[in-house]
Structures are given as C-alpha cells and as structure tokens.
2 protein chains.
Amino acid sequence: MRASPCCLADGMQRTYTVKAIGTVSCSRSEPVDDDWDSETTEILLDAAVLGANASSGLADFSHIEVIYVFDRVDDDAIVSDARRPRGNPDWPVVGILAQRGKNRPNRIGATICEVVTVNGGSIVVKGLDAIDGPPVIDIKPVMSGFLPRTDVVEPTWAKEIMEGYW
Amino acid sequence: MRASPCCLADGMQRTYTVKAIGTVSCSRSEPVDDDWDSETTEILLDAAVLGANASSGLADFSHIEVIYVFDRVDDDAIVSDARRPRGNPDWPVVGILAQRGKNRPNRIGATICEVVTVNGGSIVVKGLDAIDGPPVIDIKPVMSGFLPRTDVVEPTWAKEIMEGYW
C-alpha cells in the first residue's frame, strides 16, 4: 500500500519528494516582513503537473490556503530549535514550531489569502506573503468547517508581530 | 542564494525534498471520512531533526496547524484534474485544488487542531484528521492574524461534506 516513489530511505530519516504545481508571481522580489495586503499576487499553475480543470470551482470560495516553499532560505539559515521571533529582544525565545517564520525545517509556508480571480492556470489572490518566484506545492480551499471550532488563544507577542503585517 | 540541496533538476519539473519532523500516533489505523473530533492524537517529534526546544512556547497557543503527508496514497490514486468530492453524485465535479481530499498532488494534508498538551517531543492534539503513522512535515501555531480577514464564502457542497466530519 505504501507509495514507494515518495519515500526514500535516507538513514533513519524519512524523506519525501514534492514537486511544484505552480509558481508565485508578484512584484515583490525581496523578503520584507510587513504590509503584505498591498500585494496582488498571481499563482501560475504548471500545466505539466495539473490537468486543465484542476482549479475549477475554486472561484466559489472566497479564500484559499496556499502551501509553498521558501526556496531562497539556505540550509544553514534553518532554525531547528528555538529563537526570538524576528530576533526581536522584546519577544521571548520560543521554539521554531511555535513561530511561522520562513527559516524553519522544510521551509514550508502556508497562508490563507483572498481569491480575486480564477482563470484556468492563473489564480490571482490578495494577501499572499510570498515574494516573486517560490514554488507552490498545494492549494486548498478554505472551508469554514476546517477553521478553529473553539476560541483562538495566543501569546501577546503573536499579536504584536502581526501589527503591520497586512 | 538558492538552496541547492532542496532543489533537484528533474526535467522541467522543480522537485523538493522534505523530511519527516515527526509522526502521527493515534488509534485510528484506517482512513474513514468522519467523526474525527473523537480522536485524541499524539504527534511524536523526531529528535534527530529538531532540537529539544523546538516545541517550546507552543502550549501558549490554543490551536496549531499540522502539515503532514498522506503517505498511504498510491501514485495511481492521485487526482490531478477534477472529480466529484468523495465521488458523491450529489456534489459537482470540481478541481482537485478546490477540494481538501487526500488523493491530491503531493499528498499534503494541513489541518488546524486543538492543542491538548505539549511536552517536549510529544504534542497531543484533538481534531487531527490523520490516521496512525503519517509523517508530519511542519507544525505552525495558529495566530488570529493569519485567519481569514474577510467573510468566508464557500459553495453548498463544502458545508455538506463537513456535516459529520468532526
């Protein structure tokens, strides 16, 4: 039953190969931390990987979650333990899994953004916090049933870090 | 600047290697579609990949998003175009990117679930729709600032499909 092509022996580590299904295309070429809602971003789907109807029905959703790879983060910049978010001395040292920054194991970003238009292999969104170029590895519709079903609680720093973000 | 170890030439395709940072451990061994909130699930982090403090601070969040791989989905079961969700004739044919089902390109699941306890390499959650065994490739805290900032709109089938899910 296990899909052998996706799982390669690498000592004791389990590794998986994922492929780009599309590419982020936008005007922001360098990573900066804030003001992402000013960006309108196009995701160009890869017709070699997806069928022509892979995005059909997506326009019936107001939001999608875009899963992508921070492919410009070098191996030696990855944090696998703890650090202060953005290196800010006002915020506590917390584990990388308690942060959403890009310098993380597997470099995966996952952002909910607003659908502007869907036109076959072109999906235009607002509020995707990705620069120009990263590979998109999945797109999912935001269903209300998959959002938190109980009150969201978070530490103070997690609110402060979002203050100029959008 | 590009991190060469993550990006392998494969014809025109861009592929990336991701590694398991942990494993889902729970009592449900076969995929069924509904009643996931009855499950309490433990995520066991891999100490060979993450530092001892990678999960520190996570208990200050009520919810996390778990990104994992549906590693039991065979290559030939992957849908890269369109289909009816769950094959249900009552629902429309929609693109795989407009659905959240497991038979998708790259087999990536992303689920927001409730934090029960965090204890170093053990994270216990409620509402993770994964069976026993899948590799976890990322964990992110749910920050209110990353949830939808405008009203969520979705088609009728997307509400109906969630009716017994949790």
# chains A, B, ... in the order shown; residues from 1 in each chain; ligands from 1
>>> closest_atom_pairs(of="segment 122-145 of chain B", to="segment 53-67 of chain B", cutoff="7 Å", atoms="only C-alpha atoms", output="CSV")
residue,atom,partner,partner_atom,distance
B:Val136,CA,B:Ile67,CA,5.9
B:Ile137,CA,B:Ile67,CA,5.7
B:Asp138,CA,B:Ile67,CA,5.0
B:Ile139,CA,B:Val66,CA,4.7
B:Lys140,CA,B:Glu65,CA,5.2
B:Pro141,CA,B:Ile64,CA,4.4
B:Val142,CA,B:Ile64,CA,5.0
>>> closest_atom_pairs(of="chain B", to="chain A", cutoff="7 Å", atoms="only C-alpha atoms", output="tab-separated table")
residue	atom	partner	partner_atom	distance
B:Met1	CA	A:Arg72	CA	6.0
B:Arg2	CA	A:Arg72	CA	4.8
B:Ala3	CA	A:Asp74	CA	4.7
B:Gln13	CA	A:Lys19	CA	6.9
B:Arg14	CA	A:Ala20	CA	5.6
B:Thr15	CA	A:Lys19	CA	4.2
B:Tyr16	CA	A:Val18	CA	5.3
B:Thr17	CA	A:Thr17	CA	4.6
B:Val18	CA	A:Tyr16	CA	5.3
B:Lys19	CA	A:Thr15	CA	4.2
B:Ala20	CA	A:Arg14	CA	5.6
B:Leu50	CA	A:Ser80	CA	5.0
B:Gly51	CA	A:Asp81	CA	4.3
B:Ala52	CA	A:Asp81	CA	6.6
B:Asn53	CA	A:Asp81	CA	5.3
B:Ala54	CA	A:Gly95	CA	4.0
B:Ser55	CA	A:Gly95	CA	4.9
B:Ser56	CA	A:Gly95	CA	4.6
B:Gly57	CA	A:Val94	CA	5.2
B:Leu58	CA	A:Ala98	CA	4.8
B:Asp60	CA	A:Pro155	CA	5.8
B:Phe61	CA	A:Glu154	CA	4.5
B:Ser62	CA	A:Val153	CA	4.9
B:His63	CA	A:Val152	CA	6.7
B:Asp71	CA	A:Arg2	CA	6.5
B:Arg72	CA	A:Arg2	CA	4.8
B:Val73	CA	A:Ala3	CA	6.3
B:Asp74	CA	A:Ala3	CA	4.7
B:Asp75	CA	A:Ala3	CA	6.3
B:Ser80	CA	A:Leu50	CA	5.0
B:Asp81	CA	A:Ala54	CA	4.3
B:Ala82	CA	A:Ala54	CA	5.5
B:Val94	CA	A:Gly57	CA	5.2
B:Gly95	CA	A:Ala54	CA	4.0
B:Ile96	CA	A:Ala54	CA	5.3
B:Leu97	CA	A:Ile139	CA	5.5
B:Ala98	CA	A:Leu58	CA	4.8
B:Gln99	CA	A:Pro141	CA	6.2
B:Arg100	CA	A:Lys140	CA	5.8
B:Asn106	CA	A:Val18	CA	5.4
B:Ile112	CA	A:Pro148	CA	6.5
B:Ile137	CA	A:Asn106	CA	6.9
B:Ile139	CA	A:Leu97	CA	5.5
B:Lys140	CA	A:Leu97	CA	5.5
B:Pro141	CA	A:Ala98	CA	5.2
B:Met143	CA	A:Ala158	CA	6.5
B:Ser144	CA	A:Val152	CA	6.7
B:Gly145	CA	A:Met162	CA	6.0
B:Phe146	CA	A:Ile112	CA	6.8
B:Leu147	CA	A:Ile112	CA	6.7
B:Pro148	CA	A:Ile112	CA	6.5
B:Val152	CA	A:Ser62	CA	5.7
B:Val153	CA	A:Ser62	CA	4.9
B:Glu154	CA	A:Phe61	CA	4.5
B:Pro155	CA	A:Asp60	CA	5.8
B:Ala158	CA	A:Met143	CA	6.4
B:Met162	CA	A:Gly145	CA	6.0
>>> select_by_dssp(residues="chain A", states="strand (DSSP E or B)", output="ChimeraX atom specification")
/A:7-10,12-19,22-25,40-45,63-69,82-83,94-95,108-119,122-126,135-141
>>> residues_around(residues="Val124 of chain B", least_positions_apart="4", cutoff="6 Å", atoms="only C-alpha atoms", output="compact mmCIF listing (two decimals) with N, CA and C atoms, in the first residue's frame")
# COMPACT_ATOMS: atom_id res chain seq x y z
N THR B 41 -4.92 12.69 19.42
CA THR B 41 -3.80 12.24 18.61
C THR B 41 -2.50 12.76 19.20
N GLU B 42 -1.48 11.92 19.23
CA GLU B 42 -0.17 12.36 19.69
C GLU B 42 0.75 12.52 18.49
N VAL B 116 -3.84 20.01 23.15
CA VAL B 116 -4.23 19.46 24.46
C VAL B 116 -3.05 19.59 25.42
N THR B 117 -1.92 19.01 25.08
CA THR B 117 -0.71 19.17 25.90
C THR B 117 0.52 19.22 24.99
>>> atom_distance(atom1="atom CA of Ala130 of chain A", atom2="atom CA of Gly87 of chain A")
20.1 Å
>>> calpha_fit_and_write(fixed="chain B", moving="chain A", output="mmCIF file with C-alpha atoms, in the first residue's frame")
data_model
loop_
_atom_site.group_PDB
_atom_site.id
_atom_site.type_symbol
_atom_site.label_atom_id
_atom_site.label_comp_id
_atom_site.auth_asym_id
_atom_site.auth_seq_id
_atom_site.Cartn_x
_atom_site.Cartn_y
_atom_site.Cartn_z
ATOM 1 C CA MET A 1 21.305 32.338 -2.660
ATOM 2 C CA ARG A 2 19.193 29.355 -3.786
ATOM 3 C CA ALA A 3 19.508 26.375 -1.482
ATOM 4 C CA SER A 4 20.777 23.740 -3.857
ATOM 5 C CA PRO A 5 20.165 20.669 -1.642
ATOM 6 C CA CYS A 6 16.420 21.207 -1.724
ATOM 7 C CA CYS A 7 16.065 21.653 -5.436
ATOM 8 C CA LEU A 8 16.802 18.824 -7.820
ATOM 9 C CA ALA A 9 16.686 19.056 -11.576
ATOM 10 C CA ASP A 10 14.046 16.649 -12.899
ATOM 11 C CA GLY A 11 13.514 17.595 -16.490
ATOM 12 C CA MET A 12 11.489 20.778 -16.381
ATOM 13 C CA GLN A 13 9.921 19.904 -13.032
ATOM 14 C CA ARG A 14 11.119 21.500 -9.840
ATOM 15 C CA THR A 15 11.159 18.988 -7.034
ATOM 16 C CA TYR A 16 11.994 19.439 -3.355
ATOM 17 C CA THR A 17 12.889 16.998 -0.657
ATOM 18 C CA VAL A 18 11.084 17.320 2.650
ATOM 19 C CA LYS A 19 11.770 15.219 5.695
ATOM 20 C CA ALA A 20 9.552 13.997 8.478
ATOM 21 C CA ILE A 21 9.929 16.123 11.608
ATOM 22 C CA GLY A 22 7.593 13.798 13.490
ATOM 23 C CA THR A 23 4.943 11.120 13.238
ATOM 24 C CA VAL A 24 1.217 10.959 13.881
ATOM 25 C CA SER A 25 0.361 8.385 16.524
ATOM 26 C CA CYS A 26 -3.269 7.543 17.211
ATOM 27 C CA SER A 27 -5.703 4.680 17.451
ATOM 28 C CA ARG A 28 -7.312 5.070 14.025
ATOM 29 C CA SER A 29 -5.486 2.844 11.577
ATOM 30 C CA GLU A 30 -7.722 3.107 8.502
ATOM 31 C CA PRO A 31 -8.890 6.234 6.691
ATOM 32 C CA VAL A 32 -12.569 6.909 7.158
ATOM 33 C CA ASP A 33 -14.183 10.192 6.358
ATOM 34 C CA ASP A 34 -15.973 11.282 9.504
ATOM 35 C CA ASP A 35 -16.115 11.757 13.257
ATOM 36 C CA TRP A 36 -12.532 12.972 13.676
ATOM 37 C CA ASP A 37 -13.128 15.004 16.832
ATOM 38 C CA SER A 38 -13.499 11.763 18.733
ATOM 39 C CA GLU A 39 -9.761 11.226 18.246
ATOM 40 C CA THR A 40 -7.018 12.418 20.534
ATOM 41 C CA THR A 41 -3.795 12.242 18.609
ATOM 42 C CA GLU A 42 -0.170 12.376 19.680
ATOM 43 C CA ILE A 43 2.478 13.833 17.436
ATOM 44 C CA LEU A 44 5.891 12.433 18.262
ATOM 45 C CA LEU A 45 8.655 14.800 17.165
ATOM 46 C CA ASP A 46 11.873 13.387 15.750
ATOM 47 C CA ALA A 47 14.821 14.310 17.987
ATOM 48 C CA ALA A 48 17.205 13.614 15.094
ATOM 49 C CA VAL A 49 15.699 16.514 13.142
ATOM 50 C CA LEU A 50 14.556 19.018 15.775
ATOM 51 C CA GLY A 51 16.207 20.473 18.838
ATOM 52 C CA ALA A 52 14.877 19.788 22.324
ATOM 53 C CA ASN A 53 13.198 23.217 22.442
ATOM 54 C CA ALA A 54 11.519 23.180 19.036
ATOM 55 C CA SER A 55 8.076 22.947 20.621
ATOM 56 C CA SER A 56 8.675 25.429 23.456
ATOM 57 C CA GLY A 57 6.002 28.094 23.639
ATOM 58 C CA LEU A 58 3.537 26.055 21.607
ATOM 59 C CA ALA A 59 1.373 25.450 24.665
ATOM 60 C CA ASP A 60 0.619 29.185 24.742
ATOM 61 C CA PHE A 61 -1.447 28.688 21.610
ATOM 62 C CA SER A 62 -4.887 27.080 21.675
ATOM 63 C CA HIS A 63 -4.522 25.705 18.125
ATOM 64 C CA ILE A 64 -1.824 24.518 15.774
ATOM 65 C CA GLU A 65 -1.801 23.711 12.092
ATOM 66 C CA VAL A 66 -0.310 20.323 11.356
ATOM 67 C CA ILE A 67 1.094 19.767 7.871
ATOM 68 C CA TYR A 68 1.577 16.130 7.026
ATOM 69 C CA VAL A 69 1.867 13.684 4.153
ATOM 70 C CA PHE A 70 -0.864 11.199 3.193
ATOM 71 C CA ASP A 71 1.856 8.626 2.671
ATOM 72 C CA ARG A 72 -0.505 5.716 2.062
ATOM 73 C CA VAL A 73 -1.970 7.254 -1.084
ATOM 74 C CA ASP A 74 -0.536 5.465 -4.093
ATOM 75 C CA ASP A 75 0.710 7.376 -7.114
ATOM 76 C CA ASP A 76 -2.017 5.986 -9.337
ATOM 77 C CA ALA A 77 -4.704 7.190 -6.925
ATOM 78 C CA ILE A 78 -3.661 10.821 -7.203
ATOM 79 C CA VAL A 79 -6.130 13.094 -8.979
ATOM 80 C CA SER A 80 -4.508 15.978 -10.819
ATOM 81 C CA ASP A 81 -7.572 17.317 -12.587
ATOM 82 C CA ALA A 82 -11.226 17.267 -11.408
ATOM 83 C CA ARG A 83 -13.647 14.825 -9.767
ATOM 84 C CA ARG A 84 -16.701 14.795 -7.530
ATOM 85 C CA PRO A 85 -15.702 15.162 -3.851
ATOM 86 C CA ARG A 86 -15.764 11.681 -2.280
ATOM 87 C CA GLY A 87 -17.251 10.475 -5.582
ATOM 88 C CA ASN A 88 -20.633 11.669 -4.316
ATOM 89 C CA PRO A 89 -23.070 12.125 -7.251
ATOM 90 C CA ASP A 90 -24.917 14.826 -5.299
ATOM 91 C CA TRP A 91 -21.888 17.102 -5.467
ATOM 92 C CA PRO A 92 -20.434 18.806 -8.531
ATOM 93 C CA VAL A 93 -17.285 17.875 -10.399
ATOM 94 C CA VAL A 94 -14.668 20.332 -9.130
ATOM 95 C CA GLY A 95 -10.928 20.652 -9.482
ATOM 96 C CA ILE A 96 -8.702 18.848 -7.013
ATOM 97 C CA LEU A 97 -7.371 22.233 -5.826
ATOM 98 C CA ALA A 98 -10.932 23.184 -4.849
ATOM 99 C CA GLN A 99 -11.133 20.132 -2.567
ATOM 100 C CA ARG A 100 -9.251 19.046 0.535
ATOM 101 C CA GLY A 101 -9.247 15.279 -0.064
ATOM 102 C CA LYS A 102 -6.114 13.202 0.342
ATOM 103 C CA ASN A 103 -5.735 11.968 -3.264
ATOM 104 C CA ARG A 104 -4.072 15.183 -4.382
ATOM 105 C CA PRO A 105 -0.787 16.174 -5.989
ATOM 106 C CA ASN A 106 1.951 15.977 -3.347
ATOM 107 C CA ARG A 107 -0.478 14.282 -0.894
ATOM 108 C CA ILE A 108 -0.182 17.118 1.617
ATOM 109 C CA GLY A 109 -2.674 17.491 4.451
ATOM 110 C CA ALA A 110 -2.988 20.666 6.501
ATOM 111 C CA THR A 111 -5.316 20.649 9.471
ATOM 112 C CA ILE A 112 -5.949 23.098 12.277
ATOM 113 C CA CYS A 113 -6.417 21.241 15.526
ATOM 114 C CA GLU A 114 -6.702 21.991 19.207
ATOM 115 C CA VAL A 115 -3.671 21.755 21.479
ATOM 116 C CA VAL A 116 -4.233 19.457 24.454
ATOM 117 C CA THR A 117 -0.710 19.167 25.904
ATOM 118 C CA VAL A 118 2.834 19.939 24.791
ATOM 119 C CA ASN A 119 5.615 18.062 26.499
ATOM 120 C CA GLY A 120 8.915 18.345 24.660
ATOM 121 C CA GLY A 121 8.764 15.874 21.795
ATOM 122 C CA SER A 122 5.147 14.917 22.456
ATOM 123 C CA ILE A 123 2.315 17.125 21.252
ATOM 124 C CA VAL A 124 -1.203 15.895 21.962
ATOM 125 C CA VAL A 125 -3.994 17.405 19.889
ATOM 126 C CA LYS A 126 -7.693 16.994 19.296
ATOM 127 C CA GLY A 127 -9.265 17.055 15.839
ATOM 128 C CA LEU A 128 -6.359 15.975 13.665
ATOM 129 C CA ASP A 129 -7.870 14.091 10.728
ATOM 130 C CA ALA A 130 -4.935 11.750 10.232
ATOM 131 C CA ILE A 131 -4.686 8.031 10.807
ATOM 132 C CA ASP A 132 -1.827 6.402 12.690
ATOM 133 C CA GLY A 133 1.560 6.699 11.045
ATOM 134 C CA PRO A 134 1.801 9.625 8.612
ATOM 135 C CA PRO A 135 4.906 11.800 8.664
ATOM 136 C CA VAL A 136 4.454 15.336 9.918
ATOM 137 C CA ILE A 137 6.461 17.830 7.848
ATOM 138 C CA ASP A 138 5.593 21.056 9.643
ATOM 139 C CA ILE A 139 3.718 22.428 12.638
ATOM 140 C CA LYS A 140 2.701 26.073 12.837
ATOM 141 C CA PRO A 141 0.924 27.982 15.574
ATOM 142 C CA VAL A 142 -2.498 29.348 14.643
ATOM 143 C CA MET A 143 -2.272 33.119 15.006
ATOM 144 C CA SER A 144 -5.506 35.054 14.762
ATOM 145 C CA GLY A 145 -3.755 37.402 12.352
ATOM 146 C CA PHE A 146 -3.330 34.575 9.846
ATOM 147 C CA LEU A 147 -6.997 33.558 9.816
ATOM 148 C CA PRO A 148 -9.331 34.976 7.136
ATOM 149 C CA ARG A 149 -9.734 38.718 7.491
ATOM 150 C CA THR A 150 -12.904 38.931 5.397
ATOM 151 C CA ASP A 151 -16.065 36.804 5.413
ATOM 152 C CA VAL A 152 -15.602 33.199 4.353
ATOM 153 C CA VAL A 153 -17.795 32.203 1.416
ATOM 154 C CA GLU A 154 -17.999 28.609 0.185
ATOM 155 C CA PRO A 155 -20.267 26.504 -2.032
ATOM 156 C CA THR A 156 -23.077 24.419 -0.545
ATOM 157 C CA TRP A 157 -21.282 21.091 -1.054
ATOM 158 C CA ALA A 158 -18.364 22.318 1.071
ATOM 159 C CA LYS A 159 -20.720 22.768 4.018
ATOM 160 C CA GLU A 160 -22.481 19.457 3.413
ATOM 161 C CA ILE A 161 -19.221 17.489 3.252
ATOM 162 C CA MET A 162 -18.291 18.706 6.731
ATOM 163 C CA GLU A 163 -21.550 17.656 8.335
ATOM 164 C CA GLY A 164 -20.364 14.533 10.191
ATOM 165 C CA TYR A 165 -16.660 15.293 9.897
ATOM 166 C CA TRP A 166 -15.888 16.368 13.445
#
>>> select_by_dssp(residues="chain A", states="helix (DSSP H, G or I)", output="PyMOL selection string")
chain A and resi 4-6+36-38+58-60+75-77+85-87+96-98+105-107+144-146+156-160
